[in-house]
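Asker: start.txt is reproduced in full below (compact mmCIF, C-alpha atoms).
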```txt
# COMPACT_ATOMS: atom_id res chain seq x y z
CA MET A 28 99.85 -16.76 69.20
CA SER A 29 103.15 -15.23 70.32
CA MET A 30 103.71 -11.50 69.85
CA ARG A 31 107.00 -9.99 68.80
CA GLU A 32 107.03 -6.22 68.44
CA LEU A 33 108.75 -3.05 69.56
CA VAL A 34 106.74 -0.25 71.20
CA VAL A 35 108.55 3.10 70.97
CA LEU A 36 108.03 5.40 73.95
CA GLY A 37 110.54 8.11 73.04
CA THR A 38 113.17 8.92 70.44
CA ALA A 39 115.04 12.02 71.68
CA SER A 40 118.68 12.12 72.67
CA GLN A 41 119.94 14.22 75.58
CA ALA A 42 116.94 16.59 75.76
CA PRO A 43 113.29 16.02 74.83
CA THR A 44 111.58 18.20 72.25
CA ARG A 45 107.95 19.11 71.65
CA ALA A 46 107.65 16.11 69.33
CA ARG A 47 110.04 13.65 70.96
CA ASN A 48 110.10 12.27 74.48
CA HIS A 49 113.25 10.98 76.10
CA ASN A 50 114.26 7.43 75.19
CA GLY A 51 112.14 4.42 76.05
CA TYR A 52 111.45 1.17 74.21
CA VAL A 53 109.41 -1.91 75.07
CA LEU A 54 110.07 -5.23 73.39
CA ARG A 55 107.26 -7.76 73.45
CA TRP A 56 108.76 -11.15 72.67
CA ASP A 57 106.55 -14.11 73.54
CA ASP A 58 106.36 -14.18 77.35
CA GLU A 59 109.00 -11.47 77.81
CA VAL A 60 108.07 -7.78 78.00
CA ILE A 61 111.36 -5.88 78.26
CA LEU A 62 111.66 -2.16 78.93
CA PHE A 63 114.89 -0.74 77.49
CA ASP A 64 116.43 2.56 78.63
CA PRO A 65 113.50 4.27 80.37
CA GLY A 66 114.21 7.97 80.06
CA GLU A 67 112.32 10.73 81.83
CA GLY A 68 108.58 10.51 81.10
CA SER A 69 108.55 6.80 80.24
CA GLN A 70 105.87 6.01 82.81
CA ARG A 71 103.53 8.58 81.27
CA GLN A 72 104.34 7.43 77.72
CA LEU A 73 103.27 3.92 78.67
CA LEU A 74 99.79 5.28 79.35
CA HIS A 75 99.46 6.07 75.64
CA THR A 76 100.22 2.46 74.64
CA THR A 77 98.72 -0.95 75.31
CA VAL A 78 101.65 -1.82 77.61
CA THR A 79 101.32 -1.42 81.38
CA ALA A 80 103.93 -1.54 84.11
CA THR A 81 102.28 -4.75 85.28
CA ASP A 82 103.22 -6.37 81.96
CA LEU A 83 106.94 -5.78 82.40
CA THR A 84 109.11 -8.83 83.03
CA ARG A 85 112.52 -7.19 82.65
CA ILE A 86 114.25 -3.79 82.51
CA CYS A 87 117.54 -3.29 80.64
CA VAL A 88 119.64 -0.13 80.97
CA THR A 89 122.53 0.44 78.56
CA HIS A 90 124.22 3.15 80.64
CA PHE A 91 123.59 5.84 83.22
CA HIS A 92 123.31 9.02 81.21
CA GLY A 93 120.08 10.73 82.19
CA ASP A 94 118.19 10.36 78.93
CA HIS A 95 118.49 6.58 79.31
CA CYS A 96 117.68 6.11 82.99
CA LEU A 97 115.83 9.03 84.62
CA GLY A 98 112.55 7.18 84.11
CA LEU A 99 113.68 4.37 86.40
CA PRO A 100 112.41 5.86 89.71
CA GLY A 101 108.85 6.30 88.47
CA THR A 102 108.79 2.94 86.72
CA ILE A 103 110.12 1.07 89.76
CA GLN A 104 107.73 2.82 92.11
CA ARG A 105 104.85 2.05 89.75
CA LEU A 106 105.66 -1.67 90.00
CA SER A 107 105.09 -1.42 93.76
CA LEU A 108 102.02 0.79 93.40
CA ASP A 109 100.45 -1.80 91.08
CA ARG A 110 101.62 -4.60 93.41
CA VAL A 111 103.26 -6.63 90.64
CA SER A 112 103.35 -10.10 92.13
CA ARG A 113 106.27 -11.66 90.20
CA PRO A 114 109.93 -10.65 90.25
CA VAL A 115 111.01 -8.17 87.57
CA ALA A 116 114.59 -8.65 86.40
CA VAL A 117 116.81 -5.57 86.05
CA HIS A 118 120.11 -5.42 84.13
CA PHE A 119 122.59 -2.52 83.90
CA PRO A 120 126.37 -2.00 83.79
CA ALA A 121 127.80 -3.20 87.09
CA GLU A 122 130.08 -0.16 87.20
CA GLY A 123 126.92 1.96 87.55
CA ALA A 124 125.53 0.11 90.58
CA GLU A 125 125.69 3.25 92.72
CA TYR A 126 123.63 5.19 90.20
CA PHE A 127 121.06 2.41 90.09
CA ALA A 128 120.80 2.33 93.89
CA ARG A 129 120.19 6.10 94.00
CA LEU A 130 117.55 5.93 91.25
CA ARG A 131 115.83 2.94 92.83
CA HIS A 132 115.38 4.83 96.10
CA ALA A 133 115.16 8.37 94.71
CA SER A 134 112.19 9.17 96.95
CA SER A 135 110.14 7.68 99.74
CA PHE A 136 107.68 4.95 98.75
CA HIS A 137 106.31 1.67 100.06
CA GLU A 138 108.28 -0.97 98.21
CA THR A 139 106.33 -4.16 97.58
CA ALA A 140 107.61 -5.22 94.16
CA GLU A 141 110.53 -7.64 93.96
CA LEU A 142 113.40 -6.71 91.65
CA ALA A 143 115.75 -9.48 90.53
CA VAL A 144 118.85 -7.32 90.07
CA THR A 145 121.50 -8.90 87.82
CA PRO A 146 124.15 -6.37 86.77
CA ILE A 147 126.18 -6.84 83.59
CA GLU A 148 129.74 -7.55 84.73
CA THR A 149 131.49 -8.89 81.62
CA ASP A 150 131.48 -8.35 77.89
CA GLY A 151 129.49 -11.15 76.29
CA GLN A 152 127.54 -11.99 79.46
CA HIS A 153 124.61 -14.33 78.74
CA ILE A 154 121.31 -14.33 80.61
CA PRO A 155 119.08 -17.37 79.95
CA LEU A 156 115.45 -16.67 79.09
CA SER A 157 112.58 -19.05 78.41
CA CYS A 158 112.59 -17.87 74.79
CA GLY A 159 116.35 -17.90 74.24
CA THR A 160 119.32 -15.90 75.51
CA LEU A 161 119.85 -12.24 76.33
CA GLU A 162 123.43 -11.25 75.55
CA ALA A 163 125.21 -8.03 76.55
CA ARG A 164 128.16 -6.57 74.64
CA ARG A 165 130.35 -3.67 75.64
CA LEU A 166 130.04 -0.50 73.54
CA ARG A 167 132.29 2.56 73.14
CA HIS A 168 131.01 5.60 75.03
CA PRO A 169 132.52 7.98 77.64
CA ILE A 170 130.96 5.90 80.45
CA ASP A 171 130.44 2.14 80.80
CA THR A 172 127.83 1.11 78.27
CA TYR A 173 126.42 -2.20 77.06
CA GLY A 174 124.11 -3.09 74.22
CA TYR A 175 121.79 -6.08 74.28
CA ARG A 176 120.57 -8.71 71.88
CA LEU A 177 117.97 -11.43 72.28
CA VAL A 178 118.79 -14.64 70.42
CA GLU A 179 116.27 -17.43 69.88
CA PRO A 180 117.92 -20.85 69.42
CA ASP A 181 117.76 -22.53 66.05
CA SER A 182 115.27 -25.38 65.71
CA TYR A 183 113.50 -27.20 62.89
CA ARG A 184 110.13 -27.37 61.16
CA MET A 185 108.50 -30.75 60.60
CA LEU A 186 107.22 -31.34 57.05
CA PRO A 187 103.77 -32.98 56.99
CA GLU A 188 104.20 -34.36 53.46
CA ARG A 189 107.42 -36.13 54.38
CA LEU A 190 105.95 -37.47 57.60
CA ALA A 191 103.01 -38.81 55.61
CA ALA A 192 105.33 -40.43 53.07
CA TYR A 193 106.90 -42.47 55.87
CA GLY A 194 103.55 -43.15 57.51
CA ILE A 195 104.47 -41.22 60.63
CA GLY A 196 101.65 -39.59 62.56
CA GLY A 197 100.13 -39.11 66.00
CA PRO A 198 102.33 -39.72 69.06
CA ALA A 199 105.15 -41.00 66.81
CA VAL A 200 105.77 -37.43 65.62
CA GLY A 201 106.40 -36.30 69.17
CA GLU A 202 108.75 -39.21 69.79
CA LEU A 203 110.67 -38.38 66.61
CA GLN A 204 111.01 -34.79 67.74
CA ARG A 205 112.24 -35.77 71.21
CA VAL A 206 114.59 -38.62 70.29
CA GLY A 207 115.74 -37.46 66.86
CA HIS A 208 114.99 -40.71 65.08
CA LEU A 209 112.32 -43.41 64.76
CA ASP A 210 112.72 -47.09 63.83
CA LEU A 211 110.01 -48.20 61.39
CA ASP A 212 109.88 -51.69 59.81
CA GLY A 213 113.61 -52.17 60.11
CA ARG A 214 114.47 -48.71 58.80
CA ARG A 215 115.60 -45.76 60.88
CA VAL A 216 113.99 -42.45 59.95
CA THR A 217 115.90 -39.43 61.25
CA ARG A 218 114.46 -36.07 62.14
CA ASP A 219 116.57 -34.44 59.44
CA GLU A 220 114.80 -36.52 56.78
CA VAL A 221 111.38 -35.11 57.64
CA SER A 222 112.21 -31.54 58.67
CA VAL A 223 114.04 -28.41 57.58
CA PRO A 224 116.14 -26.02 59.71
CA ARG A 225 114.21 -23.23 61.43
CA PRO A 226 116.66 -20.42 62.22
CA GLY A 227 115.97 -18.60 65.47
CA GLN A 228 115.07 -14.92 65.35
CA ARG A 229 117.26 -12.14 66.72
CA PHE A 230 116.63 -8.68 68.16
CA ALA A 231 119.41 -6.17 68.84
CA PHE A 232 119.41 -2.93 70.83
CA VAL A 233 122.37 -0.57 70.33
CA MET A 234 122.40 2.81 72.02
CA ASP A 235 125.07 5.43 72.68
CA THR A 236 128.31 4.28 71.07
CA GLY A 237 130.97 4.94 68.51
CA LEU A 238 131.76 2.24 65.98
CA CYS A 239 133.32 -0.79 67.68
CA ASP A 240 133.33 -4.56 67.58
CA GLY A 241 130.42 -4.71 70.01
CA VAL A 242 128.14 -2.88 67.58
CA TYR A 243 128.74 -5.45 64.86
CA ALA A 244 128.49 -8.40 67.25
CA LEU A 245 125.06 -7.22 68.40
CA ALA A 246 123.78 -6.42 64.90
CA GLU A 247 124.89 -9.68 63.24
CA HIS A 248 121.94 -11.24 61.38
CA ALA A 249 119.40 -9.31 63.48
CA ASP A 250 115.81 -9.58 62.30
CA LEU A 251 115.18 -6.24 64.03
CA LEU A 252 117.97 -3.82 64.91
CA VAL A 253 117.19 -0.75 67.02
CA ILE A 254 120.19 1.54 66.84
CA GLU A 255 121.06 5.11 67.71
CA SER A 256 121.67 7.58 64.90
CA THR A 257 122.15 10.74 66.91
CA PHE A 258 123.82 12.76 64.15
CA LEU A 259 123.94 13.19 60.39
CA GLU A 260 127.18 12.87 58.44
CA SER A 261 127.69 16.64 58.52
CA GLU A 262 128.45 16.22 62.25
CA ALA A 263 130.52 13.03 61.88
CA ALA A 264 133.52 14.57 63.66
CA LEU A 265 131.35 15.57 66.62
CA ALA A 266 129.76 12.11 66.68
CA ALA A 267 133.17 10.48 66.92
CA GLU A 268 134.28 12.89 69.64
CA VAL A 269 131.31 12.22 71.93
CA GLY A 270 130.83 8.50 71.20
CA HIS A 271 127.81 8.43 68.93
CA LEU A 272 126.80 7.18 65.48
CA THR A 273 125.57 8.95 62.39
CA ALA A 274 122.62 7.68 60.37
CA GLY A 275 125.01 6.66 57.62
CA GLN A 276 127.20 4.66 60.01
CA ALA A 277 124.20 2.90 61.52
CA ALA A 278 122.90 2.02 58.05
CA ARG A 279 126.29 0.65 56.99
CA VAL A 280 126.39 -1.53 60.10
CA ALA A 281 122.96 -2.90 59.19
CA ALA A 282 123.94 -3.58 55.59
CA GLU A 283 127.22 -5.29 56.51
CA SER A 284 125.59 -7.34 59.28
CA GLY A 285 122.67 -8.75 57.28
CA VAL A 286 119.96 -6.93 59.23
CA ARG A 287 116.41 -7.44 57.96
CA ARG A 288 114.63 -4.44 59.52
CA LEU A 289 116.50 -1.36 60.71
CA VAL A 290 115.05 1.11 63.24
CA LEU A 291 116.92 4.41 63.60
CA THR A 292 116.30 6.45 66.75
CA HIS A 293 117.90 8.67 69.46
CA PHE A 294 117.90 11.83 67.37
CA SER A 295 119.67 15.03 68.35
CA GLN A 296 117.33 17.95 69.02
CA ARG A 297 119.21 19.97 66.37
CA TYR A 298 117.33 18.06 63.62
CA ALA A 299 113.64 18.84 63.18
CA ASP A 300 113.06 16.85 59.99
CA PRO A 301 113.44 13.04 60.42
CA ARG A 302 113.36 12.55 56.64
CA ARG A 303 117.00 13.62 56.56
CA PHE A 304 117.94 10.48 58.52
CA ALA A 305 116.03 8.30 56.06
CA ALA A 306 117.73 9.89 53.07
CA GLU A 307 121.17 9.42 54.55
CA ALA A 308 120.50 5.82 55.60
CA ARG A 309 119.10 4.85 52.19
CA ALA A 310 122.45 5.56 50.59
CA HIS A 311 123.83 2.52 52.44
CA PHE A 312 120.92 0.21 53.35
CA ASP A 313 118.23 -1.07 50.99
CA GLY A 314 116.33 -3.28 53.43
CA ASP A 315 113.31 -2.44 55.60
CA LEU A 316 113.95 0.96 57.18
CA VAL A 317 111.99 2.62 60.00
CA ILE A 318 112.65 6.13 61.29
CA ALA A 319 111.29 5.75 64.81
CA GLU A 320 108.54 8.04 66.04
CA ASP A 321 107.18 8.32 69.57
CA LEU A 322 104.26 6.01 70.43
CA THR A 323 104.53 3.85 67.33
CA THR A 324 104.85 0.07 67.10
CA VAL A 325 107.32 -1.78 64.91
CA GLN A 326 106.77 -5.47 64.18
CA VAL A 327 109.58 -7.99 64.21
CA PRO A 328 109.67 -9.25 60.59
CA PRO A 329 107.85 -12.54 60.01
CA ARG A 330 110.04 -15.55 60.36
CA ARG A 331 111.71 -16.69 57.15
CA VAL A 332 110.05 -19.88 55.90
CA PRO A 333 112.84 -22.38 55.20
CA SER A 334 112.78 -24.23 51.91
CA ALA A 335 112.00 -27.95 51.88
CA GLU A 336 114.36 -28.47 48.94
```
Could you take the file, read its structure, and then write that structure out as C-alpha cells?

Answerer:
Amino acid sequence: MSMRELVVLGTASQAPTRARNHNGYVLRWDDEVILFDPGEGSQRQLLHTTVTATDLTRICVTHFHGDHCLGLPGTIQRLSLDRVSRPVAVHFPAEGAEYFARLRHASSFHETAELAVTPIETDGQHIPLSCGTLEARRLRHPIDTYGYRLVEPDSYRMLPERLAAYGIGGPAVGELQRVGHLDLDGRRVTRDEVSVPRPGQRFAFVMDTGLCDGVYALAEHADLLVIESTFLESEAALAAEVGHLTAGQAARVAAESGVRRLVLTHFSQRYADPRRFAAEARAHFDGDLVIAEDLTTVQVPPRRVPSAE
C-alpha cells in the first residue's frame, strides 16, 4: 500500500528555540521520499523519526537563507557515508547555485553518493516524477525563492457493478483500461460508461514569501498545504516588510484555494504559544487545520471517493 504523509523535522523560523528545531520536512509520497528545506540539525532530527537518509530520493530547497539550507552539508555527507546507491535529485533556485556548491563541499569528506542536480531556472518549471509532476513557482521574498507542489494526474476508477452489467471481466477489463473502449456483441462499451473520474491528489509547500500569485497557484486545490505563518496579524506590517505571511493570511489562502488540510509552520521565536496561530487561522479557515510541531507526522487526507451517480 502506498504511503502519503508529511514528517515534520523542525518548525522554527530564523533561529531555533528550546522547543523548535530549524526547518525540515519530509514528504513520503508513494516511491518518492522528498526532503524539503533541511535547516540546521535536520540530520539529527531524522534520527528521531522512521525516515533515514538512505530513504531519500529527492531534496528540494526553496531558497538559501540559513534556516532553510544549513542542514544540507550534513545531509549530503550522510548520503555518502551510508553509500546510497541510487542518484538523489536536488532542486534549488538556479540563482543560488554558488551557495549550493559551497554547502555541498562545506568540509572534507569522501563523496560516493551521486546527486542529480537540477536547479529551478524558470517560474512554472515542471519536473516529471513516476507519481506525477513536481512544479516550482516563484515566490516573493528578498532573495530568489520558489515553492513546490506535487500534482498527481487525474485518472478514473472502474466500477465493478457496471462491468458486471456488461459482462466484462478478466483480461477484458485491462484491455478496456488500455484502449478506452471494448466491442461486445456489436456494441461498443466505452471506459466512461463503466468508470468515474478519480481526481489526482496534490501537495503544496510554500515557505518564505509575501502574498503573490505564486502562493495561490501552489495552493490551488491542494489536499495538503504546508505553508509558512511566521507572524500573527499584530505584526502584519513587519511581515509585509520582510516578505513573510501571517497566520491569518495563510488561512485565507487555504480557504480561497479549496485546500483540504492546512499545516501552518515556520513560527517566529517571539511566539511561545502555538495556540495563538490556531485561533487566528480559525477566523478564516474551517477545514482540517494542523499547527505543526517538531517530530510529528501529518497524513495526506484520504482520497475523495468519486460518486458513481

Asker: Around the point (110.8, 3.7, 91.7), in the coordinates given by the file, pick out the residues reaching within 12 Å, counting all atoms listed in the file, and return them as JSON, numbers by chain.

Answerer: {"A": [65, 70, 80, 96, 97, 98, 99, 100, 101, 102, 103, 104, 105, 106, 107, 108, 109, 127, 128, 129, 130, 131, 132, 133, 134, 135, 136, 137, 138, 139, 140, 141, 142]}

Asker: What are the closest atom pairs, with distances in Å to one decimal, for each residue of stretch 197-298 of chain A lying within 12 Å of stretch 41-49 of chain A, using all atoms listed in the file, rows by chain and rising residue number, as a tab-separated table?

Answerer:
```
residue	atom	partner	partner_atom	distance
A:Asp235	CA	A:Gln41	CA	10.6
A:Thr257	CA	A:Gln41	CA	9.6
A:His271	CA	A:Gln41	CA	11.8
A:Thr292	CA	A:Arg47	CA	10.4
A:His293	CA	A:His49	CA	8.4
A:Phe294	CA	A:Gln41	CA	8.8
A:Ser295	CA	A:Gln41	CA	7.3
A:Gln296	CA	A:Thr44	CA	6.6
A:Arg297	CA	A:Thr44	CA	9.8
A:Tyr298	CA	A:Thr44	CA	10.4
```

Asker: What lies within 6 Å of stretch 180-191 of chain A using only C-alpha atoms, ignoring chain neighbours under 4 positions off, as a VMD selection string?

Answerer: chain A and resid 159 195 221 to 227

Asker: Please report the interatomic distance between atom CA of A:Glu255 and atom CA of A:Ile318 in Å with one decimal.

Answerer: 10.6 Å

Asker: Point out the residue among A:Ala244, A:Ser284, A:Glu307, A:Val111 with the least atom-to-atom distance to A:Phe258, counting all atoms listed in the file.

Answerer: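 Selected residue with least distance to A:Phe258: A:Glu307.
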
Asker: Of the residues A:Ile86, A:Val200, A:Cys239, A:Val280, which is the one nearest to A:Val60, using only C-alpha atoms?

Answerer: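 Using only C-alpha atoms, A:Val60 sits closest to A:Ile86.
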
Asker: So that I can check the surroundings of A:Thr217, please list as a ChimeraX atom specification every protein, DNA and RNA residue that reaches within 6 Å of it, counting all atoms listed in the file and ignoring chain neighbours fewer than 2 positions away.

Answerer: /A:207-208,219-220

Asker: Could you give me, as a PyMOL selection string, the residues that have an atom at most 10 Å away from the point (113.1, -0.4, 67.8) in the coordinates of the file, using all atoms listed in the file?

Answerer: chain A and resi 32-36+38+51-54+63+230-233+251-255+288-292+317-320+323-327

Asker: Counting all atoms listed in the file, which residue out of A:Glu262, A:Asp212, A:Asp58, A:Glu67 sits closest to A:Asp82?

Answerer: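 For A:Asp82, the nearest of the candidates is A:Asp58.
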
Asker: Show me, as a ChimeraX atom specification, the residues that have an atom within 7 Å of A:Arg229 when counting only C-alpha atoms, minus same-chain residues fewer than 5 positions from it.

Answerer: /A:177-179,249-251

Asker: Env of A:Phe312: 7 Å cut, atoms = only C-alpha atoms, seq-sep filter 5 positions within chain, self excluded. Answer as a list in words.

Answerer: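 Surrounding residues, per the criterion: Ala278, Arg279, Ala281 and Ala282 of chain A.
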
Asker: Given all atoms listed in the file as the basis, pick out the residue of A:Val206, A:Ala192, A:Cys158, A:Leu62 nearest to A:Gln228.

Answerer: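 Once distances to A:Gln228 are computed over all atoms listed in the file, the minimum belongs to A:Cys158.
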